[in-house]
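Engineer: Have a look at this one before I ask anything.
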Amino acid sequence: MRWSNYFLYTLREVPSDADVISQKLMMRAGLIRKVAAGIYNYLPLGLRSIKKLEQIVREEMNRAGATELLMPAIQPAELWMESGRWQKYGRELLRIKDRHDRDFVFGPTHEEVITETVRDSINSYRQLPINLYQIQTKFRDEVRPRFGLMRGREFIMKDSYSFHTTRESLDQTYEAMRKAYSRIFNRCALDHVPVEADTGNIGGSASHEFMVLAQSGEDAVVSCPHCKYGANIEKATSKFFDDETEPAPAAAVEDIHTPGTKTIDDVGRFLGKPTSQLVKTLVFDTDLGPVMVLVRGDREGNEVKIKNHLGAQWMEMLPDTRFEEATGAPIGYCGPVGTKCARVLADYSLRGRSNWIVGGNRRDTHTANVNPGRDFPEPEYGDFSTVFAGDPCPRCGTPLELYRGIEVGHIFKLGTKYSESMNCVFLDEGGERKPMIMGCYGLGIGRTVAAAIEQSHDDDGIIWPMPIAPYEVVVTVVGKDENVVRTANEIYEKLLAAGIEVLLDDRDERPGVKFKDADLIGFPLRIAVGAKSLAGGNVEWSWRRDRAKQLDAPDAVTARVIDEVKAARSQGL
RNA sequence: CGGGGUGUAGCGCAGUCUGGUAGCGCACCUGCUUUGGGAGCAGGGGGUCGGAGGUUCGAAUCCUCUCGCCCCGACCA
C-alpha cells in the first residue's frame, strides 16, 4: 500500500477524552476514532490489526476442533425470556423495538441463540460433542464505557459454545479451549496468566479468565509465585489465618462510649487497638432482604463472594438513606446484637475468636466482649473477605502477589443452565432425554489488541508484535531525489512480491514527520531510503523495538528484511 | 444512578466572571526558502459558539430547560 493513497492520518495532539495509553496511541496513530461513548470506527490501519488477530483466533479455534458460524447481532426478546435473562440481565442489555413494536435485543452474548440453534438440529448423543464459534460485533450498554477498545459498548468478540453428553466431555473441550487461548495469546506475544474467576452474569460452575498483566488493567488478580495458583480478586481465597488473637474465656458484655467514631479506623484510634481486633459490620440490601456481614476490622468484605453465598439475584450496599430504617442502628454503630437484620454472616477471619468489639446499635456506643452464640445467634461463617497481597496461598501457603490485569478471555463451564431452561436435550444410548452440558468461551478481539499496545509501547508510540502489526514493514522515502524514489519503489515492489505486508511512505512530507509517524504507528521493521546513504550504495533498516540502524545494499536489506519477517511470523506457531 | 466538570474550526485550547457580533496553536490551501527525527517566512480558507426557549437595543457570555461528552463513585464478561 502506498501511504499517499491510504486513509491514514495521525494526530499530533491527543484527543482530550483519552485516558489510557492504548487509547491515546490508537487514536493518535489513526487506528480508531470515537463515534460515540464506547463506540468506535475501526480505521483502515486499526482494522488490519483486528483482522490479523481474528485470523490467528480462527486458526487456533479450528485447530482445536471448533467450527465457525455467524449468528445475528439482533435477537428476538422471546429467546431471552425463555432463558430468564430478559429480566435478569439488567440495563446493560440494549433493548430495541422493530416497526411492529416487537421487542428485540442487540446481542451482548449468544447463549440463547446458540442453544436454540443446537436444540433445533441435534437430537442424538451421536451428534455430540460439538463446539461452535463466531467472531462478531456485540453490544453491552455499559454504565460507564471508558479506556477505548478496552471497555467499549460496541465491541468485537470471539465467542464459542460447546455441547456435551457428559461432564468429562465438557472437561476435555474446556481444556482444549484453555490451551487454544494460551496459544493465541502466546502468538500475539502477550504476557498473560490464566486465573480462576467468578462466573457473573453468564453463570455456570467453573471459569477461568485470561489476564494480560498491565498497570491500566481494570481487574485485580492474585497470583502465587510458588505454585502458580492464580485467581481474580473477586474469587481468590487464602489460607485461614488466626494469627492475631488467642481464644480467651468469654467475658461480660460491656458498653463503651465511642463518640464521633464513624469508621473502623476511628474506633481503633479511639480505643487504642489495632483494627484487626475489631469487627467491621457491613450491611447489604438484597432481593432476599437486608443482610449483615461481619469481617475482621482490617479486612475488606467481598461482595461477589457474599452474593454467591447468598444466591442473591442482586445486591448492593445499603444506601445511607435507608440504613437506620433497615438495621435500627445509626451509621457507624451497627452491630449484630439485637439487630433487625434477619441474616447475619461472618467471615472466616472471625471464626474461633471471642470477646468481639462490635457496634452497639446506638449512637456513640460500641459493645465489647460480645460472643457469638451467647449474645447473638451463631452467624453463618464463610469466606466473605477479599484477599490481600501477602496472604498465604490457599494451596501452598506462599505469600500471594497482587497484580492488575486486562481480561482478554473468559471461559466457562456452563453446565445445564441454558439447556434446561431452553429445553436443549439429546437422547442418550438408552433413549433417555437429557439436557446437554454446555461450555462457553469468550475472547475480546479489540480488547486484546488494546492490551498488546498497553504491554508494548514507548514514549514515541506503539511497538507492535509482528503477528498483529497492521503492516510488518514501512519503507520510508526520504526526500525527492529520483534515485531515492526509484530505489524505494523497487524495494517496496520486491517486498510485496515476497508476500510481505508493507506500507510505502511516499507522502510529500519532511523526513522528520515520516520518522515520527513510523515510530508512532510502530511498524516492527523500517527501511529508510535517503540520498546520503544511497550515495554510498546503501539503505538503512531498523527494528522499531530498539531502532538500531543498519546499513547495507538495497538488495541485501530487502532480502534481510524478508528473512526477518518470515522468522518473526513463524515464532509461536 | 449519585457527585463533579465540560461543550467555541478536523485536533488541542483562550474568550464567559464584567453582554457590544469570535480568537490562538496544530492541521489544511497558495507562494518562496528549507529537506535524515513533527521546518521558517508571507498570504489564505474554514466555526448555526451542543440544541431550544427567554432577558436585552444587542447574548459564546445572563436565566430556564434539554442533549452530548468526560472524571470520581456505585456497577460490570
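By order of appearance in the C-alpha cells: chains A, B, ..., then residues from 1 within every chain, and ligands from 1 in the order shown.
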At a cut-off of 7 Å, which residues of chain B touch chain A? Count only C-alpha atoms (C1' of nucleotides) and give the answer as a PyMOL selection string.
Structural biologist: chain B and resi 11-12+35-38+70+77
Engineer: Name the residues in contact with range 126-138 of chain A at a cut-off of 7 Å, using only C-alpha atoms (C1' of nucleotides), excluding same-chain residues fewer than 2 positions from it; report them as a list in words.
Structural biologist: Ala66, Thr67, Glu68, Leu69, Leu70, Ala73, Gly107, Pro108, Thr109, Ile122, Ser124, Arg140, Glu154, Phe155, Ile156, Met157, Lys158, Asp159, Ser160, Tyr161, Ser162, Phe163, His164 and Thr165 of chain A
Engineer: Please extract the residues of range 14-65 of chain A with a backbone DSSP assignment of strand (DSSP E) and present them as a PyMOL selection string.
Structural biologist: chain A and resi 32-36+39-42
Engineer: Running DSSP on the backbone, which parts of range 199-424 of chain A land in helix (DSSP H, G or I), as a PyMOL selection string?
Structural biologist: chain A and resi 264-271+275-277+303-310+320-327+348-350+417-421
Engineer: Please produce a file of those selected residues containing C-alpha atoms, as a compact mmCIF listing (two decimals), in the first residue's frame.
Structural biologist:
# COMPACT_ATOMS: atom_id res chain seq x y z
CA ILE A 264 -13.47 1.38 61.85
CA ASP A 265 -10.24 3.38 61.83
CA ASP A 266 -11.84 5.97 64.12
CA VAL A 267 -12.85 3.27 66.57
CA GLY A 268 -9.40 1.70 66.54
CA ARG A 269 -7.74 5.03 67.18
CA PHE A 270 -10.22 5.92 69.91
CA LEU A 271 -9.77 2.64 71.74
CA THR A 275 -8.38 -2.66 63.68
CA SER A 276 -7.61 -6.37 63.42
CA GLN A 277 -9.04 -6.70 66.93
CA GLU A 303 -19.35 -8.54 47.51
CA VAL A 304 -19.04 -11.23 44.89
CA LYS A 305 -18.34 -13.95 47.44
CA ILE A 306 -21.17 -12.73 49.64
CA LYS A 307 -23.61 -12.53 46.76
CA ASN A 308 -22.69 -16.01 45.58
CA HIS A 309 -23.06 -17.43 49.09
CA LEU A 310 -26.49 -15.90 49.43
CA ASP A 320 -27.41 5.71 53.75
CA THR A 321 -30.98 6.91 53.40
CA ARG A 322 -32.40 3.51 54.28
CA PHE A 323 -29.77 2.47 56.80
CA GLU A 324 -31.43 3.24 60.09
CA GLU A 325 -34.80 2.04 58.89
CA ALA A 326 -33.42 -1.34 57.82
CA THR A 327 -30.96 -2.02 60.64
CA TYR A 348 -13.75 -16.94 58.49
CA SER A 349 -11.35 -14.34 59.82
CA LEU A 350 -13.62 -14.10 62.90
CA LYS A 417 -28.20 -23.68 32.94
CA TYR A 418 -29.32 -22.78 29.43
CA SER A 419 -30.05 -26.24 28.07
CA GLU A 420 -32.52 -26.85 30.90
CA SER A 421 -34.31 -23.52 30.72
Engineer: Env of range 394-398 of chain A: 7 Å cut, atoms = only C-alpha atoms (C1' of nucleotides), seq-sep filter 5 positions within chain, self excluded. Answer as a count of residues only.
Structural biologist: 6
Engineer: For G53 in chain B, work out the shell of residues within 12 Å, counting only C-alpha atoms (C1' of nucleotides) and skipping chain neighbours fewer than 2 positions away, then give it as a count of residues only.
Structural biologist: 6
Engineer: Taking into account only C-alpha atoms, which residue in the set A:Ser456, A:Gln55, A:Thr339, A:Ser49 is nearest to Arg545 in chain A?
Structural biologist: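 Checking each of A:Ser456, A:Gln55, A:Thr339, A:Ser49 against Arg545 in chain A, counting only C-alpha atoms, the winner is A:Ser456.
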